[in-house]
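Text of the file structure.tsv, holding TSV, N, CA and C atoms:
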```tsv
chain	number	residue	atom	x	y	z
A	1	MET	N	-18.05	42.14	-38.40
A	1	MET	CA	-17.82	42.68	-37.07
A	1	MET	C	-18.08	41.61	-36.00
A	2	SER	N	-19.12	40.79	-36.17
A	2	SER	CA	-19.43	39.77	-35.18
A	2	SER	C	-18.35	38.70	-35.13
A	3	SER	N	-17.69	38.45	-36.25
A	3	SER	CA	-16.58	37.47	-36.27
A	3	SER	C	-15.42	37.96	-35.43
A	4	VAL	N	-15.14	39.23	-35.48
A	4	VAL	CA	-14.05	39.81	-34.69
A	4	VAL	C	-14.37	39.72	-33.21
A	5	VAL	N	-15.61	39.98	-32.84
A	5	VAL	CA	-16.04	39.89	-31.44
A	5	VAL	C	-15.95	38.46	-30.95
A	6	LEU	N	-16.40	37.50	-31.77
A	6	LEU	CA	-16.29	36.09	-31.40
A	6	LEU	C	-14.84	35.66	-31.25
A	7	LEU	N	-13.99	36.07	-32.17
A	7	LEU	CA	-12.57	35.73	-32.11
A	7	LEU	C	-11.92	36.36	-30.87
A	8	LEU	N	-12.24	37.60	-30.57
A	8	LEU	CA	-11.70	38.27	-29.39
A	8	LEU	C	-12.18	37.59	-28.11
A	9	GLY	N	-13.46	37.19	-28.06
A	9	GLY	CA	-13.99	36.48	-26.90
A	9	GLY	C	-13.31	35.13	-26.72
A	10	PHE	N	-13.07	34.42	-27.82
A	10	PHE	CA	-12.39	33.13	-27.77
A	10	PHE	C	-10.97	33.29	-27.23
A	11	VAL	N	-10.25	34.30	-27.69
A	11	VAL	CA	-8.89	34.55	-27.22
A	11	VAL	C	-8.90	34.90	-25.73
A	12	LEU	N	-9.85	35.70	-25.28
A	12	LEU	CA	-9.95	36.06	-23.87
A	12	LEU	C	-10.25	34.82	-23.01
A	13	ILE	N	-11.11	33.93	-23.48
A	13	ILE	CA	-11.41	32.71	-22.73
A	13	ILE	C	-10.18	31.82	-22.66
A	14	LEU	N	-9.45	31.69	-23.75
A	14	LEU	CA	-8.20	30.89	-23.74
A	14	LEU	C	-7.17	31.48	-22.78
A	15	ALA	N	-7.04	32.80	-22.78
A	15	ALA	CA	-6.08	33.44	-21.87
A	15	ALA	C	-6.49	33.22	-20.42
A	16	ALA	N	-7.78	33.35	-20.13
A	16	ALA	CA	-8.26	33.14	-18.76
A	16	ALA	C	-8.02	31.69	-18.33
A	17	ALA	N	-8.28	30.74	-19.23
A	17	ALA	CA	-8.04	29.32	-18.91
A	17	ALA	C	-6.55	29.06	-18.68
A	18	HIS	N	-5.71	29.67	-19.48
A	18	HIS	CA	-4.26	29.50	-19.33
A	18	HIS	C	-3.78	30.00	-17.97
A	19	PHE	N	-4.17	31.20	-17.61
A	19	PHE	CA	-3.71	31.76	-16.34
A	19	PHE	C	-4.32	31.05	-15.14
A	20	THR	N	-5.55	30.58	-15.27
A	20	THR	CA	-6.18	29.81	-14.19
A	20	THR	C	-5.45	28.48	-13.99
A	21	ALA	N	-5.11	27.81	-15.08
A	21	ALA	CA	-4.38	26.53	-14.99
A	21	ALA	C	-3.00	26.75	-14.38
A	22	ARG	N	-2.32	27.82	-14.76
A	22	ARG	CA	-1.01	28.11	-14.16
A	22	ARG	C	-1.12	28.40	-12.68
A	23	TRP	N	-2.14	29.11	-12.27
A	23	TRP	CA	-2.33	29.43	-10.87
A	23	TRP	C	-2.61	28.16	-10.06
A	24	PHE	N	-3.52	27.29	-10.56
A	24	PHE	CA	-3.81	26.03	-9.88
A	24	PHE	C	-2.59	25.12	-9.88
A	25	GLY	N	-1.85	25.09	-10.96
A	25	GLY	CA	-0.64	24.27	-11.04
A	25	GLY	C	0.40	24.69	-10.01
A	26	GLY	N	0.55	25.96	-9.80
A	26	GLY	CA	1.48	26.46	-8.80
A	26	GLY	C	1.06	26.06	-7.39
A	27	LYS	N	-0.22	26.10	-7.12
A	27	LYS	CA	-0.73	25.71	-5.81
A	27	LYS	C	-0.57	24.20	-5.59
A	28	MET	N	-0.85	23.41	-6.60
A	28	MET	CA	-0.77	21.96	-6.48
A	28	MET	C	0.68	21.47	-6.45
A	29	GLY	N	1.59	22.21	-7.05
A	29	GLY	CA	2.99	21.82	-7.05
A	29	GLY	C	3.59	21.80	-5.66
A	30	ARG	N	3.11	22.66	-4.80
A	30	ARG	CA	3.60	22.71	-3.42
A	30	ARG	C	2.94	21.68	-2.52
A	31	PHE	N	1.91	21.02	-3.02
A	31	PHE	CA	1.17	20.05	-2.22
A	31	PHE	C	2.03	18.86	-1.82
A	32	GLY	N	2.88	18.37	-2.72
A	32	GLY	CA	3.66	17.17	-2.45
A	32	GLY	C	5.02	17.42	-1.82
A	33	VAL	N	5.33	18.63	-1.46
A	33	VAL	CA	6.63	18.96	-0.88
A	33	VAL	C	6.62	18.66	0.60
A	34	SER	N	7.65	17.94	1.06
A	34	SER	CA	7.72	17.57	2.47
A	34	SER	C	9.16	17.71	2.96
A	35	LYS	N	9.29	17.99	4.23
A	35	LYS	CA	10.61	18.15	4.83
A	35	LYS	C	11.27	16.81	5.12
A	36	TYR	N	10.50	15.80	5.47
A	36	TYR	CA	11.04	14.52	5.91
A	36	TYR	C	10.83	13.37	4.93
A	37	PHE	N	9.92	13.52	3.99
A	37	PHE	CA	9.62	12.47	3.02
A	37	PHE	C	10.06	12.92	1.64
A	38	LYS	N	10.71	12.02	0.89
A	38	LYS	CA	11.08	12.35	-0.48
A	38	LYS	C	11.08	11.08	-1.30
A	39	ILE	N	10.40	11.11	-2.44
A	39	ILE	CA	10.44	9.98	-3.35
A	39	ILE	C	11.69	10.14	-4.20
A	40	ILE	N	12.62	9.19	-4.05
A	40	ILE	CA	13.88	9.23	-4.78
A	40	ILE	C	13.63	8.90	-6.24
A	41	ASP	N	12.90	7.81	-6.49
A	41	ASP	CA	12.58	7.41	-7.86
A	41	ASP	C	11.42	6.43	-7.82
A	42	ARG	N	10.78	6.24	-8.97
A	42	ARG	CA	9.71	5.27	-9.05
A	42	ARG	C	9.62	4.74	-10.46
A	43	ILE	N	9.05	3.55	-10.57
A	43	ILE	CA	8.86	2.92	-11.87
A	43	ILE	C	7.42	2.39	-11.91
A	44	SER	N	6.77	2.62	-13.03
A	44	SER	CA	5.39	2.21	-13.19
A	44	SER	C	5.32	0.74	-13.58
A	45	LEU	N	4.45	0.00	-12.92
A	45	LEU	CA	4.21	-1.39	-13.27
A	45	LEU	C	2.97	-1.55	-14.13
A	46	SER	N	2.00	-0.70	-13.92
A	46	SER	CA	0.79	-0.65	-14.73
A	46	SER	C	0.22	0.76	-14.61
A	47	SER	N	-0.97	0.94	-15.14
A	47	SER	CA	-1.55	2.29	-15.11
A	47	SER	C	-1.87	2.77	-13.70
A	48	ASP	N	-2.04	1.84	-12.75
A	48	ASP	CA	-2.40	2.27	-11.40
A	48	ASP	C	-1.50	1.67	-10.32
A	49	SER	N	-0.32	1.17	-10.68
A	49	SER	CA	0.58	0.64	-9.65
A	49	SER	C	2.03	0.91	-10.03
A	50	PHE	N	2.85	1.11	-9.01
A	50	PHE	CA	4.27	1.36	-9.23
A	50	PHE	C	5.06	0.97	-8.00
A	51	ILE	N	6.37	0.91	-8.18
A	51	ILE	CA	7.31	0.67	-7.08
A	51	ILE	C	8.14	1.93	-6.94
A	52	CYS	N	8.37	2.36	-5.70
A	52	CYS	CA	9.16	3.57	-5.51
A	52	CYS	C	10.19	3.37	-4.40
A	53	ILE	N	11.27	4.13	-4.52
A	53	ILE	CA	12.27	4.22	-3.46
A	53	ILE	C	12.00	5.55	-2.77
A	54	MET	N	11.82	5.50	-1.46
A	54	MET	CA	11.45	6.70	-0.71
A	54	MET	C	12.42	6.90	0.45
A	55	ARG	N	12.80	8.16	0.65
A	55	ARG	CA	13.63	8.50	1.79
A	55	ARG	C	12.72	9.10	2.84
A	56	ILE	N	12.76	8.51	4.03
A	56	ILE	CA	12.00	9.03	5.17
A	56	ILE	C	13.03	9.30	6.26
A	57	GLY	N	13.27	10.57	6.52
A	57	GLY	CA	14.33	10.93	7.45
A	57	GLY	C	15.68	10.53	6.85
A	58	ALA	N	16.43	9.71	7.56
A	58	ALA	CA	17.72	9.24	7.07
A	58	ALA	C	17.65	7.83	6.51
A	59	ASN	N	16.46	7.23	6.48
A	59	ASN	CA	16.30	5.85	6.01
A	59	ASN	C	15.69	5.81	4.62
A	60	HIS	N	16.00	4.73	3.88
A	60	HIS	CA	15.47	4.53	2.54
A	60	HIS	C	14.65	3.24	2.51
A	61	TYR	N	13.51	3.29	1.80
A	61	TYR	CA	12.61	2.15	1.75
A	61	TYR	C	12.14	1.93	0.32
A	62	ILE	N	11.78	0.67	0.01
A	62	ILE	CA	11.13	0.34	-1.25
A	62	ILE	C	9.66	0.08	-0.93
A	63	PHE	N	8.77	0.80	-1.61
A	63	PHE	CA	7.33	0.65	-1.43
A	63	PHE	C	6.69	0.17	-2.72
A	64	GLY	N	5.72	-0.70	-2.60
A	64	GLY	CA	4.85	-1.05	-3.70
A	64	GLY	C	3.55	-0.30	-3.51
A	65	VAL	N	3.11	0.41	-4.53
A	65	VAL	CA	1.92	1.25	-4.40
A	65	VAL	C	0.94	0.88	-5.50
A	66	SER	N	-0.29	0.61	-5.12
A	66	SER	CA	-1.35	0.36	-6.09
A	66	SER	C	-2.52	1.28	-5.79
A	67	LYS	N	-3.57	1.12	-6.54
A	67	LYS	CA	-4.73	1.98	-6.37
A	67	LYS	C	-5.36	1.83	-4.99
A	68	THR	N	-5.29	0.62	-4.43
A	68	THR	CA	-5.96	0.36	-3.16
A	68	THR	C	-5.03	0.02	-2.00
A	69	ASN	N	-3.70	-0.04	-2.25
A	69	ASN	CA	-2.81	-0.54	-1.22
A	69	ASN	C	-1.42	0.08	-1.34
A	70	ILE	N	-0.78	0.28	-0.20
A	70	ILE	CA	0.63	0.67	-0.14
A	70	ILE	C	1.31	-0.36	0.74
A	71	GLN	N	2.38	-0.95	0.25
A	71	GLN	CA	3.06	-2.01	0.99
A	71	GLN	C	4.55	-1.72	1.07
A	72	LEU	N	5.11	-1.82	2.27
A	72	LEU	CA	6.54	-1.72	2.46
A	72	LEU	C	7.17	-3.03	1.99
A	73	LEU	N	8.06	-2.95	1.00
A	73	LEU	CA	8.69	-4.15	0.47
A	73	LEU	C	10.00	-4.45	1.18
A	74	ASP	N	10.82	-3.41	1.42
A	74	ASP	CA	12.11	-3.64	2.08
A	74	ASP	C	12.71	-2.31	2.50
A	75	LYS	N	13.65	-2.37	3.42
A	75	LYS	CA	14.44	-1.22	3.84
A	75	LYS	C	15.79	-1.33	3.15
A	76	ILE	N	16.32	-0.21	2.69
A	76	ILE	CA	17.58	-0.20	1.96
A	76	ILE	C	18.59	0.61	2.75
A	77	LYS	N	19.82	0.13	2.78
A	77	LYS	CA	20.90	0.93	3.36
A	77	LYS	C	21.30	1.99	2.35
A	78	GLU	N	21.68	3.15	2.86
A	78	GLU	CA	22.03	4.25	1.96
A	78	GLU	C	23.21	3.89	1.08
A	79	CYS	N	24.13	3.07	1.59
A	79	CYS	CA	25.29	2.70	0.78
A	79	CYS	C	24.90	1.83	-0.41
A	80	ASP	N	23.72	1.20	-0.37
A	80	ASP	CA	23.25	0.39	-1.50
A	80	ASP	C	22.72	1.23	-2.65
A	81	ILE	N	22.40	2.48	-2.37
A	81	ILE	CA	21.87	3.36	-3.40
A	81	ILE	C	23.03	4.17	-3.98
A	82	GLU	N	23.24	4.02	-5.27
A	82	GLU	CA	24.29	4.78	-5.93
A	82	GLU	C	23.80	6.20	-6.14
A	83	ILE	N	24.72	7.13	-6.09
A	83	ILE	CA	24.37	8.52	-6.38
A	83	ILE	C	24.16	8.62	-7.88
A	84	ILE	N	22.99	9.08	-8.27
A	84	ILE	CA	22.63	9.15	-9.68
A	84	ILE	C	22.98	10.54	-10.20
A	85	THR	N	23.76	10.57	-11.27
A	85	THR	CA	24.09	11.85	-11.88
A	85	THR	C	22.89	12.32	-12.68
A	86	SER	N	22.90	13.58	-13.06
A	86	SER	CA	21.75	14.12	-13.77
A	86	SER	C	21.55	13.44	-15.11
A	87	SER	N	22.62	13.03	-15.79
A	87	SER	CA	22.44	12.35	-17.07
A	87	SER	C	21.83	10.96	-16.88
A	88	GLU	N	22.20	10.26	-15.82
A	88	GLU	CA	21.61	8.96	-15.55
A	88	GLU	C	20.17	9.10	-15.11
A	89	HIS	N	19.88	10.18	-14.41
A	89	HIS	CA	18.52	10.40	-13.91
A	89	HIS	C	17.54	10.58	-15.07
A	90	GLU	N	18.00	11.18	-16.16
A	90	GLU	CA	17.14	11.37	-17.32
A	90	GLU	C	16.89	10.06	-18.04
A	91	SER	N	17.76	9.09	-17.83
A	91	SER	CA	17.61	7.79	-18.47
A	91	SER	C	16.42	7.05	-17.90
A	92	GLN	N	15.75	6.25	-18.73
A	92	GLN	CA	14.62	5.47	-18.26
A	92	GLN	C	15.07	4.35	-17.36
A	93	HIS	N	16.33	3.94	-17.44
A	93	HIS	CA	16.79	2.74	-16.75
A	93	HIS	C	17.48	3.02	-15.43
A	94	ALA	N	17.48	4.24	-14.95
A	94	ALA	CA	18.18	4.55	-13.71
A	94	ALA	C	17.57	3.80	-12.53
A	95	PHE	N	16.27	3.86	-12.39
A	95	PHE	CA	15.61	3.18	-11.27
A	95	PHE	C	15.72	1.67	-11.40
A	96	SER	N	15.45	1.17	-12.60
A	96	SER	CA	15.49	-0.29	-12.78
A	96	SER	C	16.89	-0.83	-12.54
A	97	GLY	N	17.93	-0.04	-12.87
A	97	GLY	CA	19.30	-0.48	-12.59
A	97	GLY	C	19.56	-0.61	-11.10
A	98	ILE	N	19.10	0.35	-10.33
A	98	ILE	CA	19.26	0.31	-8.87
A	98	ILE	C	18.47	-0.87	-8.30
A	99	LEU	N	17.25	-1.05	-8.78
A	99	LEU	CA	16.40	-2.12	-8.27
A	99	LEU	C	17.01	-3.49	-8.60
A	100	HIS	N	17.47	-3.67	-9.84
A	100	HIS	CA	18.07	-4.96	-10.21
A	100	HIS	C	19.34	-5.23	-9.42
A	101	LYS	N	20.16	-4.20	-9.22
A	101	LYS	CA	21.38	-4.38	-8.45
A	101	LYS	C	21.04	-4.79	-7.02
A	102	TYR	N	20.04	-4.14	-6.44
A	102	TYR	CA	19.64	-4.45	-5.08
A	102	TYR	C	19.06	-5.86	-4.98
A	103	LEU	N	18.20	-6.23	-5.93
A	103	LEU	CA	17.61	-7.56	-5.91
A	103	LEU	C	18.66	-8.65	-6.14
A	104	ASN	N	19.61	-8.39	-7.04
A	104	ASN	CA	20.68	-9.37	-7.26
A	104	ASN	C	21.55	-9.50	-6.02
A	105	PHE	N	21.79	-8.39	-5.32
A	105	PHE	CA	22.57	-8.43	-4.09
A	105	PHE	C	21.83	-9.26	-3.04
A	106	LYS	N	20.52	-9.03	-2.90
A	106	LYS	CA	19.72	-9.78	-1.93
A	106	LYS	C	19.71	-11.27	-2.27
A	107	GLN	N	19.60	-11.60	-3.58
A	107	GLN	CA	19.56	-12.99	-4.01
A	107	GLN	C	20.90	-13.68	-3.75
A	108	SER	N	22.01	-13.01	-4.07
A	108	SER	CA	23.33	-13.62	-3.83
A	108	SER	C	23.60	-13.76	-2.34
A	109	ASP	N	23.08	-12.81	-1.55
A	109	ASP	CA	23.23	-12.88	-0.10
A	109	ASP	C	22.46	-14.07	0.46
A	110	SER	N	21.24	-14.31	-0.04
A	110	SER	CA	20.45	-15.44	0.45
A	110	SER	C	21.04	-16.77	-0.05
A	111	ASP	N	21.66	-16.77	-1.24
A	111	ASP	CA	22.32	-17.99	-1.74
A	111	ASP	C	23.50	-18.37	-0.86
A	112	GLU	N	24.25	-17.36	-0.41
A	112	GLU	CA	25.39	-17.62	0.46
A	112	GLU	C	24.93	-18.15	1.81
A	113	LYS	N	23.82	-17.64	2.33
A	113	LYS	CA	23.30	-18.13	3.62
A	113	LYS	C	22.81	-19.57	3.46
A	114	GLY	N	22.26	-19.90	2.29
A	114	GLY	CA	21.79	-21.26	2.06
A	114	GLY	C	22.93	-22.27	1.97
A	115	ARG	N	24.08	-21.84	1.48
A	115	ARG	CA	25.24	-22.72	1.38
A	115	ARG	C	25.85	-23.01	2.73
A	116	GLN	N	25.68	-22.09	3.68
A	116	GLN	CA	26.32	-22.26	4.99
A	116	GLN	C	25.54	-23.16	5.81
```
Just dump the structure as structure tokens.
Amino acid sequence: MSSVVLLLGFVLILAAAHFTARWFGGKMGRFGVSKYFKIIDRISLSSDSFICIMRIGANHYIFGVSKTNIQLLDKIKECDIEIITSSEHESQHAFSGILHKYLNFKQSDSDEKGRQ
């Protein structure tokens, strides 16, 4: 009989933990929602740093974010950002493709200015 009581108590504690976690998760999910700010994509560089593309209003920016610092790296024109389909978005390389394309564009642009 005591085994049944212990098992029932364990199940009740698990159920309470499950519903508490779901309730907190729902509250925390709304924490990062903003009308004017949106992180388009990000890529992790290490466990505590990453690069992200962020839309603020109608402008797009590349930010470097670490544990102790946030740095604006560059402003991007909207035409430089390709519209990512849902299948590409699931790919690990969607962000890195946009970043490499943008960096290659910037490098070729600076090479042309150096030639002139």
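Distance annotation: of A:Phe63, A:Tyr102, A:Phe95, A:Leu7, the residue with the minimal separation from Asp80 (chain A) is A:Tyr102; atom set is all atoms listed in the file.
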For a test of reading the model, state the distance in Å between CA of Cys52 (chain A) and CA of Asp74 (chain A), rounded to one decimal.
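Value for the CA of Cys52 (chain A)-CA of Asp74 (chain A) distance: 10.9 Å.
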Exercise: region 34-42 of chain A partners within 8 Å, all atoms listed in the file, chain neighbours under 5 positions left out, as a list of chain:residue names
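Neighbouring residues, sequence-local ones excluded: A:Phe50, A:Ile51, A:Cys52, A:Ile53, A:Met54, A:Arg55, A:Ile56, A:Gly57, A:Ala58, A:Ala94, A:Phe95, A:Ser96.
Rounded to one decimal, CA of Phe10 (chain A) and CA of Arg22 (chain A) lie 18.4 Å from each other.
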Mind pulling up the distance from CA of Ser66 (chain A) to CA of His100 (chain A)?
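Atom-to-atom, CA of His100 (chain A) to CA of Ser66 (chain A), that is 20.6 Å.
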Could you find all residues in region 36-89 of chain A that DSSP calls strand (DSSP E) from the backbone, and write them as a ChimeraX atom specification?
/A:37-46,49-56,59-65,70-76
Looking only at helix (DSSP H, G or I) from DSSP on the backbone, list the matching residues of region 7-78 of chain A as a PyMOL selection string.
chain A and resi 7-29+78
Residues within 12 Å of Ser46 (chain A), only C-alpha atoms, excluding chain neighbours under 2 positions, as a PyMOL selection string:
chain A and resi 43-44+48-51+64-67
